[in-house]
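K.L.:
Got a structure for you, start-v1.cif, holding mmCIF, C-alpha atoms and all ligand atoms.
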data_model
loop_
_atom_site.label_atom_id
_atom_site.label_comp_id
_atom_site.auth_asym_id
_atom_site.auth_seq_id
_atom_site.Cartn_x
_atom_site.Cartn_y
_atom_site.Cartn_z
CA MET A 1 0.00 0.00 0.00
CA ILE A 2 1.12 3.55 -0.77
CA SER A 3 0.65 6.43 1.67
CA VAL A 4 0.43 9.87 0.15
CA VAL A 5 1.29 12.60 2.67
CA ALA A 6 0.34 16.19 1.94
CA PRO A 7 0.74 19.24 4.20
CA ILE A 8 -2.12 21.72 4.02
CA PHE A 9 -2.04 25.32 5.15
CA ASN A 10 -4.97 27.55 4.26
CA GLU A 11 -5.66 25.86 0.94
CA GLY A 12 -9.46 26.21 1.21
CA ALA A 13 -11.17 24.93 -1.92
CA GLY A 14 -7.79 23.62 -3.02
CA VAL A 15 -8.27 20.67 -0.65
CA ASP A 16 -11.23 19.29 -2.63
CA ARG A 17 -9.44 19.88 -5.92
CA PHE A 18 -6.36 18.10 -4.60
CA VAL A 19 -8.21 15.06 -3.23
CA ALA A 20 -10.23 14.70 -6.45
CA ARG A 21 -7.12 14.87 -8.62
CA LEU A 22 -5.23 12.35 -6.46
CA THR A 23 -8.13 9.92 -6.34
CA GLU A 24 -8.40 10.11 -10.10
CA VAL A 25 -4.69 9.43 -10.68
CA LEU A 26 -4.24 6.75 -8.00
CA THR A 27 -7.37 4.73 -8.72
CA GLY A 28 -6.66 5.17 -12.42
CA ALA A 29 -3.28 3.50 -11.88
CA GLY A 30 -4.95 0.72 -9.87
CA LEU A 31 -2.93 1.48 -6.72
CA SER A 32 -4.04 0.63 -3.21
CA TYR A 33 -3.40 3.76 -1.19
CA GLU A 34 -4.23 6.01 1.74
CA LEU A 35 -4.16 9.78 1.74
CA VAL A 36 -2.77 11.41 4.89
CA LEU A 37 -3.75 15.09 4.91
CA VAL A 38 -2.02 17.14 7.58
CA ASP A 39 -3.69 20.43 8.35
CA ASP A 40 -0.90 22.68 9.59
CA GLY A 41 -3.08 24.91 11.74
CA SER A 42 -5.05 26.51 8.90
CA THR A 43 -7.22 29.47 9.82
CA ASP A 44 -9.68 28.97 6.96
CA ASP A 45 -12.05 26.05 6.31
CA SER A 46 -9.30 23.65 5.18
CA TRP A 47 -9.79 21.33 8.16
CA ASP A 48 -13.56 21.10 7.64
CA ARG A 49 -12.90 20.12 4.05
CA VAL A 50 -10.34 17.51 5.11
CA ALA A 51 -12.77 16.06 7.65
CA ALA A 52 -15.54 15.99 5.04
CA GLN A 53 -13.27 14.20 2.56
CA ALA A 54 -12.35 11.68 5.28
CA LEU A 55 -16.04 10.99 5.86
CA LEU A 56 -16.68 10.52 2.17
CA ASP A 57 -13.73 8.27 1.44
CA GLY A 58 -12.31 5.67 3.85
CA ARG A 59 -8.89 5.99 2.23
CA VAL A 60 -8.53 9.61 3.36
CA ARG A 61 -7.18 10.34 6.83
CA GLY A 62 -6.90 13.78 8.35
CA LEU A 63 -4.58 15.07 11.02
CA GLN A 64 -4.95 18.53 12.47
CA LEU A 65 -1.98 20.12 14.18
CA SER A 66 -2.78 22.36 17.12
CA ARG A 67 -1.28 25.42 15.41
CA ASN A 68 0.86 26.34 12.43
CA PHE A 69 4.13 24.47 12.96
CA GLY A 70 5.46 25.02 9.45
CA LYS A 71 5.63 22.75 6.45
CA GLU A 72 8.60 20.71 7.65
CA SER A 73 6.85 19.71 10.87
CA ALA A 74 3.59 19.00 9.06
CA VAL A 75 5.41 16.65 6.69
CA LEU A 76 7.05 14.91 9.64
CA ALA A 77 3.66 14.47 11.33
CA GLY A 78 2.31 12.90 8.15
CA LEU A 79 5.31 10.60 7.80
CA GLU A 80 4.97 9.39 11.40
CA HIS A 81 1.30 8.62 10.83
CA ALA A 82 1.64 6.97 7.44
CA ALA A 83 1.01 3.23 7.35
CA GLY A 84 1.97 2.38 3.77
CA ASP A 85 4.86 0.29 2.47
CA ALA A 86 5.98 3.42 0.67
CA VAL A 87 5.24 7.07 1.35
CA VAL A 88 4.93 9.83 -1.21
CA VAL A 89 5.27 13.40 0.04
CA ILE A 90 3.57 15.94 -2.19
CA ASP A 91 2.45 19.59 -1.95
CA SER A 92 -1.30 20.04 -1.70
CA ASP A 93 -1.39 23.01 -4.07
CA LEU A 94 -1.04 20.76 -7.16
CA GLN A 95 2.31 22.29 -8.07
CA HIS A 96 3.75 18.80 -7.90
CA PRO A 97 2.10 16.81 -10.71
CA PRO A 98 0.24 13.83 -9.16
CA GLN A 99 0.41 11.98 -12.48
CA ALA A 100 4.10 11.34 -11.71
CA ILE A 101 3.19 9.12 -8.74
CA PRO A 102 2.55 5.89 -10.71
CA GLU A 103 5.99 6.25 -12.30
CA MET A 104 7.56 6.79 -8.85
CA VAL A 105 5.82 3.67 -7.59
CA ARG A 106 7.09 1.73 -10.61
CA ARG A 107 10.68 2.80 -9.82
CA TRP A 108 10.16 1.77 -6.22
CA ARG A 109 8.88 -1.66 -7.27
CA GLU A 110 11.97 -1.98 -9.45
CA GLY A 111 14.10 -1.67 -6.33
CA ALA A 112 14.70 2.02 -5.55
CA HIS A 113 14.24 3.00 -1.89
CA VAL A 114 14.01 6.72 -2.55
CA VAL A 115 12.53 8.20 -5.72
CA GLU A 116 13.05 11.94 -6.07
CA ALA A 117 11.22 14.21 -8.45
CA VAL A 118 13.64 16.66 -10.01
CA LYS A 119 12.49 19.96 -11.48
CA ARG A 120 12.70 20.32 -15.20
CA ASN A 121 11.49 23.92 -14.97
CA ARG A 122 10.68 26.48 -12.32
CA THR A 123 7.30 27.96 -13.07
CA GLY A 124 5.37 29.79 -10.43
CA GLN A 125 8.43 31.58 -9.07
CA GLY A 126 9.55 35.14 -9.57
CA VAL A 127 13.02 36.03 -10.82
CA VAL A 128 14.26 36.84 -7.31
CA GLY A 129 12.89 33.57 -5.91
CA ARG A 130 14.45 31.63 -8.74
CA LEU A 131 17.88 33.24 -8.36
CA GLY A 132 17.71 33.00 -4.56
CA GLY A 133 16.71 29.36 -4.72
CA ARG A 134 19.48 28.54 -7.14
CA ALA A 135 22.11 30.38 -5.08
CA PHE A 136 20.99 28.59 -1.91
CA ASN A 137 20.99 25.16 -3.56
CA LYS A 138 24.45 25.76 -5.03
CA ALA A 139 25.81 26.90 -1.66
CA PHE A 140 24.14 24.02 0.18
CA THR A 141 25.38 21.42 -2.28
CA GLY A 142 28.89 22.87 -2.15
CA LEU A 143 29.08 23.05 1.63
CA THR A 144 27.42 19.76 2.54
CA ARG A 145 27.88 17.52 -0.49
CA VAL A 146 24.16 16.72 -0.24
CA ASP A 147 22.92 17.44 -3.75
CA LEU A 148 19.99 19.85 -3.69
CA ILE A 149 20.23 21.29 -7.18
CA ASP A 150 16.77 21.16 -8.78
CA ALA A 151 15.56 19.03 -5.85
CA THR A 152 11.96 19.19 -4.64
CA ASP A 153 10.09 17.93 -1.60
CA PHE A 154 8.12 15.68 -3.94
CA ARG A 155 9.58 12.25 -3.26
CA LEU A 156 8.76 8.66 -2.50
CA LEU A 157 10.37 6.81 0.41
CA GLY A 158 10.18 3.07 0.84
CA ARG A 159 9.49 1.74 4.35
CA PRO A 160 13.17 1.08 5.25
CA ALA A 161 14.19 4.57 4.12
CA LEU A 162 11.26 6.09 5.99
CA GLU A 163 12.16 4.28 9.22
CA ALA A 164 15.73 5.49 8.81
CA LEU A 165 14.53 9.06 8.35
CA LEU A 166 12.26 8.88 11.38
CA ARG A 167 15.17 7.69 13.48
CA LEU A 168 17.00 11.00 13.02
CA PRO A 169 16.65 12.72 16.38
CA GLU A 170 17.00 16.32 15.29
CA HIS A 171 14.22 18.79 15.79
CA SER A 172 15.08 21.20 13.05
CA SER A 173 14.81 18.68 10.30
CA PHE A 174 14.97 19.78 6.71
CA PHE A 175 13.12 17.10 4.75
CA ARG A 176 14.77 17.78 1.42
CA GLY A 177 18.19 17.51 3.04
CA THR A 178 17.64 14.67 5.51
CA SER A 179 15.88 12.46 2.96
CA SER A 180 19.00 12.80 0.79
CA TRP A 181 21.41 12.42 3.67
CA ILE A 182 20.08 8.98 4.64
CA GLY A 183 21.37 7.55 1.37
CA PHE A 184 19.67 4.31 0.22
CA ARG A 185 19.28 3.18 -3.37
CA ARG A 186 17.90 6.20 -5.18
CA SER A 187 16.28 7.02 -8.44
CA ALA A 188 15.18 10.33 -9.93
CA ILE A 189 12.44 11.28 -12.33
CA GLU A 190 11.98 14.63 -14.01
CA VAL A 191 8.76 16.54 -13.49
CA ASP A 192 7.39 19.89 -14.60
CA ILE A 193 6.39 22.04 -11.65
CA GLU A 194 2.94 23.46 -12.36
CA GLU A 195 1.53 26.86 -11.56
CA ARG A 196 -0.25 26.98 -8.22
CA ALA A 197 -3.83 25.72 -8.73
CA GLY A 198 -5.30 28.41 -6.48
CA GLY A 199 -4.55 30.61 -3.51
CA ARG A 200 -0.99 31.86 -3.20
CA SER A 201 2.33 30.83 -1.76
CA ARG A 202 2.65 31.54 1.96
CA TRP A 203 6.39 31.77 1.94
CA THR A 204 7.60 35.23 2.73
CA PHE A 205 11.17 36.38 2.30
CA GLY A 206 11.57 36.02 6.07
CA SER A 207 10.28 32.44 6.28
CA LEU A 208 12.38 31.37 3.29
CA PHE A 209 15.45 32.93 4.89
CA ARG A 210 14.68 31.01 8.11
CA LEU A 211 14.31 27.76 6.16
CA ALA A 212 17.61 28.37 4.41
CA VAL A 213 19.45 29.15 7.66
CA ASN A 214 17.84 26.17 9.44
CA GLY A 215 18.66 23.85 6.57
CA LEU A 216 22.25 24.97 6.40
CA THR A 217 23.02 25.05 10.12
CA SER A 218 21.45 21.67 10.74
CA PHE A 219 23.61 20.13 8.03
CA THR A 220 27.03 21.67 8.23
CA SER A 221 29.29 23.64 10.51
CA ALA A 222 31.10 25.13 7.50
CA PRO A 223 29.93 28.71 8.33
CA LEU A 224 31.69 28.39 11.70
CA HIS A 225 34.90 27.39 9.98
CA LEU A 226 34.39 30.31 7.63
CA VAL A 227 34.41 32.66 10.64
CA THR A 228 37.70 31.14 11.73
CA MET A 229 39.16 31.54 8.24
CA VAL A 230 38.13 35.19 8.06
CA GLY A 231 39.63 35.70 11.52
CA LEU A 232 42.91 34.17 10.35
CA ALA A 233 42.97 36.33 7.24
CA PHE A 234 42.47 39.38 9.42
CA ALA A 235 45.31 38.30 11.71
CA GLY A 236 47.65 38.15 8.72
CA PHE A 237 46.47 41.55 7.56
CA ALA A 238 46.92 42.97 11.07
CA VAL A 239 50.54 41.83 11.22
CA LEU A 240 51.31 43.48 7.87
CA LEU A 241 49.59 46.72 8.77
CA GLY A 242 51.17 46.74 12.25
CA ALA A 243 54.63 46.27 10.77
CA GLN A 244 54.09 49.06 8.27
CA THR A 245 52.86 51.42 10.98
CA LEU A 246 55.82 50.63 13.24
CA ILE A 247 58.37 51.11 10.48
CA ARG A 248 56.88 54.45 9.54
CA TRP A 249 56.77 55.53 13.17
CA ILE A 250 60.40 54.58 13.71
CA GLY A 251 61.33 56.45 10.53
CA GLY A 252 59.75 59.56 12.07
CA ASP A 253 57.02 59.54 9.48
CA SER A 254 53.69 60.09 11.19
CA VAL A 255 50.84 57.90 10.02
CA ALA A 256 48.13 59.94 8.28
CA GLY A 257 45.57 57.24 8.53
CA PHE A 258 42.23 58.69 9.54
CA PRO A 259 40.31 57.10 6.59
CA THR A 260 42.19 53.88 7.25
CA VAL A 261 41.01 53.85 10.84
CA ILE A 262 37.39 54.38 9.84
CA LEU A 263 37.56 51.72 7.15
CA LEU A 264 39.18 49.26 9.52
CA LEU A 265 36.56 49.92 12.15
CA LEU A 266 33.74 49.40 9.69
CA VAL A 267 35.14 46.21 8.19
CA MET A 268 36.14 44.75 11.54
CA GLY A 269 32.81 45.65 13.10
CA THR A 270 30.89 44.01 10.29
CA PHE A 271 32.86 40.80 10.42
CA LEU A 272 32.71 40.65 14.21
CA LEU A 273 28.94 41.00 14.19
CA LEU A 274 28.53 38.52 11.34
CA GLY A 275 30.76 36.06 13.13
CA LEU A 276 28.79 36.47 16.35
CA GLY A 277 25.60 35.99 14.36
CA VAL A 278 26.81 32.76 12.84
CA ILE A 279 27.84 31.46 16.25
CA GLY A 280 24.48 32.57 17.61
CA GLU A 281 22.66 30.54 14.96
CA TYR A 282 24.45 27.39 16.04
CA LEU A 283 23.85 28.19 19.69
CA ALA A 284 20.15 28.60 18.94
CA ARG A 285 20.19 25.26 17.13
CA ILE A 286 21.79 23.56 20.13
CA HIS A 287 19.38 25.28 22.50
CA GLU A 288 16.43 24.01 20.49
CA GLU A 289 17.73 20.45 20.38
CA VAL A 290 18.50 20.43 24.09
CA ARG A 291 15.04 21.67 24.97
CA GLY A 292 13.71 18.68 23.06
CA ARG A 293 10.16 19.89 22.58
CA PRO A 294 7.95 17.83 20.27
CA ARG A 295 8.04 18.96 16.67
CA TYR A 296 4.27 19.20 16.44
CA LEU A 297 1.13 18.54 18.47
CA VAL A 298 -1.99 16.86 17.10
CA GLN A 299 -5.28 18.44 18.01
CA GLU A 300 -7.76 16.27 16.13
CA ARG A 301 -7.94 13.34 13.75
CA SER A 302 -10.48 12.21 11.24
CA GLY A 303 -10.87 9.10 9.18
CA PRO A 304 -9.78 5.57 10.09
CA VAL A 305 -7.94 5.32 13.42
CA ALA A 306 -4.22 4.74 13.73
CA SER A 307 -3.22 1.68 11.81
CA LEU A 308 -0.92 -1.07 12.96
CA PRO A 309 2.45 0.02 11.54
CA GLU A 310 2.01 3.46 13.05
CA GLN A 311 1.47 1.99 16.49
CA LEU A 312 4.57 -0.11 16.02
CA VAL A 313 6.61 2.93 15.05
CA ARG A 314 5.30 4.86 18.03
CA ALA A 315 5.97 2.02 20.44
CA ASP A 316 9.46 1.77 19.00
CA ARG A 317 10.01 5.51 19.48
CA ALA A 318 8.69 5.39 23.03
CA GLU A 319 11.11 2.60 23.85
CA ARG A 320 14.05 4.64 22.69
N1 LIG A 401 2.41 24.56 3.89
C1 LIG A 401 2.24 24.11 5.19
N2 LIG A 401 2.57 24.93 6.24
C2 LIG A 401 3.07 26.18 6.05
C3 LIG A 401 3.27 26.63 4.71
C4 LIG A 401 2.93 25.80 3.66
O1 LIG A 401 1.80 22.97 5.41
O2 LIG A 401 3.32 26.87 7.04
C5 LIG A 401 2.07 23.67 2.76
C6 LIG A 401 1.14 24.26 1.71
O3 LIG A 401 -0.20 24.03 2.01
C7 LIG A 401 1.55 23.52 0.45
C8 LIG A 401 3.03 23.25 0.67
O4 LIG A 401 3.25 23.37 2.08
O5 LIG A 401 0.91 22.26 0.34
C9 LIG A 401 3.90 24.20 -0.11
O6 LIG A 401 3.58 25.53 0.24
P1 LIG A 401 3.61 26.71 -0.80
O7 LIG A 401 2.90 26.33 -2.04
O8 LIG A 401 3.11 27.91 -0.07
O9 LIG A 401 5.16 26.85 -1.07
P2 LIG A 401 5.91 26.90 -2.48
O10 LIG A 401 5.22 25.95 -3.41
O11 LIG A 401 5.83 28.30 -2.94
O12 LIG A 401 7.30 26.45 -2.14
MG MG A 402 3.39 25.70 -3.82
#
As structure tokens, what does this structure read like?
Ligand code: UDP
Ligand code: MG
P.N.:
Amino acid sequence: MISVVAPIFNEGAGVDRFVARLTEVLTGAGLSYELVLVDDGSTDDSWDRVAAQALLDGRVRGLQLSRNFGKESAVLAGLEHAAGDAVVVIDSDLQHPPQAIPEMVRRWREGAHVVEAVKRNRTGQGVVGRLGGRAFNKAFTGLTRVDLIDATDFRLLGRPALEALLRLPEHSSFFRGTSSWIGFRRSAIEVDIEERAGGRSRWTFGSLFRLAVNGLTSFTSAPLHLVTMVGLAFAGFAVLLGAQTLIRWIGGDSVAGFPTVILLLLVMGTFLLLGLGVIGEYLARIHEEVRGRPRYLVQERSGPVASLPEQLVRADRAER
């Protein structure tokens, strides 16, 4: 059986459209499946629609988080509650083409543990978003050697890969990164990302920046080393400048360096603050992990009750 996990945040009428489209594709392909819809604390009627869909169709299960925890946590909630032999994570705004799912399942049956959908295009994104996304993916791939170029969150995980992913203890998980980090036999298919079927993207510049910083700091400590490198470079520079100043002073030549002083102050101040900021990010990360709060809280469920594999997973987690 295949579990399809979709996070939902204020999608409104999009929920019905999404469920209809998925039912059409999945039954059309003759797959046995369940649909796990995770309402990430929507403030519109999304949850009512999910609950209604769960009433109508026994294969639809709904999970309502107690507030907006963010897409990453919503996906995690869905993954922990999925009962299938393979799980497909897909956006509920129909930007990820559901018709690719049968092909992903075919790859999985042929032996792949992780099937990733790779972007062929980037519709539905502005120029800034596109450039920003590309720059981040390049930087991430370069710093962590986890390939994110053209990656999407649209992917299929077989049960063993899913269990491996759920065993990662970190709180600030970054699905796209962690599901690559676990390894396993992988396969990739190319998909065209569609325009959003309705509503609009909820990502703001701020939330995207947060996601980028979270993703990076939970994967690599390279920025910390960068601070050290910049510090070293400055030390070298300081020795040169100090020597020059001393020599001039000894030669009776007064140093006329007012602009130099201002420039030095500015540059040093900037790097000091940046360095402190980078260290602060890691400190915040550690603080979060140490606190160990749950990633999400479930407020309500609809549809069939927890199935067997889920209980097993939970019992296993409780044991640990
Ligand atoms: N989403 C969510 N919680 C959030 C923001 C988004 O569950 O806080 C869901 C949203 O409903 C959609 C998916 O995550 O199914 C992708 O969101 P969106 O389309 O806004 O992002 P984009 O496609 O622009 O990356
Ligand atoms: Mg979208």
K.L.:
For ligand LIG 401 (chain A), which residue out of A:Arg67, A:Arg107, A:Arg248, A:Arg167 is the nearest one, using all atoms listed in the file?
P.N.:
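Looking at the shortest contact to ligand LIG 401 (chain A), the residue is A:Arg67.
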K.L.:
As an exercise, work out the distance from CA of Ala82 in chain A to CA of His287 in chain A in Å and give it to one decimal place.
P.N.:
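Pair CA of Ala82 in chain A / CA of His287 in chain A returns 29.6 Å.
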K.L.:
Each residue of chain A with at least one atom at most 7 Å from ligand LIG 401 (chain A) should appear once, together with its nearest atom pair and the corresponding distance in Å (one decimal); atoms considered: only C-alpha atoms and all ligand atoms; ordering: chain, then increasing residue number; output as a Markdown table.
P.N.:
| residue | atom | partner | partner_atom | distance |
| --- | --- | --- | --- | --- |
| A:Ala6 | CA | A:LIG401 | O5 | 6.3 |
| A:Pro7 | CA | A:LIG401 | O1 | 4.1 |
| A:Ile8 | CA | A:LIG401 | O3 | 3.6 |
| A:Phe9 | CA | A:LIG401 | O3 | 3.9 |
| A:Asn10 | CA | A:LIG401 | O3 | 6.3 |
| A:Glu11 | CA | A:LIG401 | O3 | 5.9 |
| A:Asp39 | CA | A:LIG401 | O1 | 6.7 |
| A:Asp40 | CA | A:LIG401 | O1 | 5.0 |
| A:Asn68 | CA | A:LIG401 | O2 | 5.9 |
| A:Phe69 | CA | A:LIG401 | O2 | 6.4 |
| A:Gly70 | CA | A:LIG401 | O2 | 3.7 |
| A:Lys71 | CA | A:LIG401 | N2 | 3.8 |
| A:Ala74 | CA | A:LIG401 | O1 | 5.7 |
| A:Asp91 | CA | A:LIG401 | O5 | 3.8 |
| A:Ser92 | CA | A:LIG401 | O5 | 3.7 |
| A:Asp93 | CA | A:LIG401 | O5 | 5.0 |
| A:Gln95 | CA | A:LIG401 | O10 | 6.6 |
| A:Arg196 | CA | A:LIG401 | O7 | 7.0 |
| A:Arg200 | CA | A:LIG401 | O8 | 6.5 |
| A:Ser201 | CA | A:LIG401 | O8 | 3.5 |
| A:Arg202 | CA | A:LIG401 | O8 | 4.2 |
| A:Trp203 | CA | A:LIG401 | O8 | 5.4 |
K.L.:
Rank A:Glu288, A:Glu194, A:Glu80, A:Asp57 by their smallest atom-to-atom distance to ligand MG 402 (chain A), using only C-alpha atoms and all ligand atoms, and report the top residue only.
P.N.:
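With only C-alpha atoms and all ligand atoms as the atom set, the closest residue is A:Glu194.
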K.L.:
Compile the contact shell of range 112-122 of chain A as a PyMOL selection string: residues with an atom at most 6 Å away, counting only C-alpha atoms, same-chain residues fewer than 2 positions apart removed.
P.N.:
chain A and resi 107-108+150-151+154-158+184-192
K.L.:
Taking all listed atoms of range 90-96 of chain A, build the axis-aligned box, pad each of the six sides by 3 Å, then write its centre and edge lengths in Å to one decimal as lines of an AutoDock Vina configuration file.
P.N.:
center_x = 1.2
center_y = 19.5
center_z = -4.9
size_x = 11.1
size_y = 13.1
size_z = 12.4
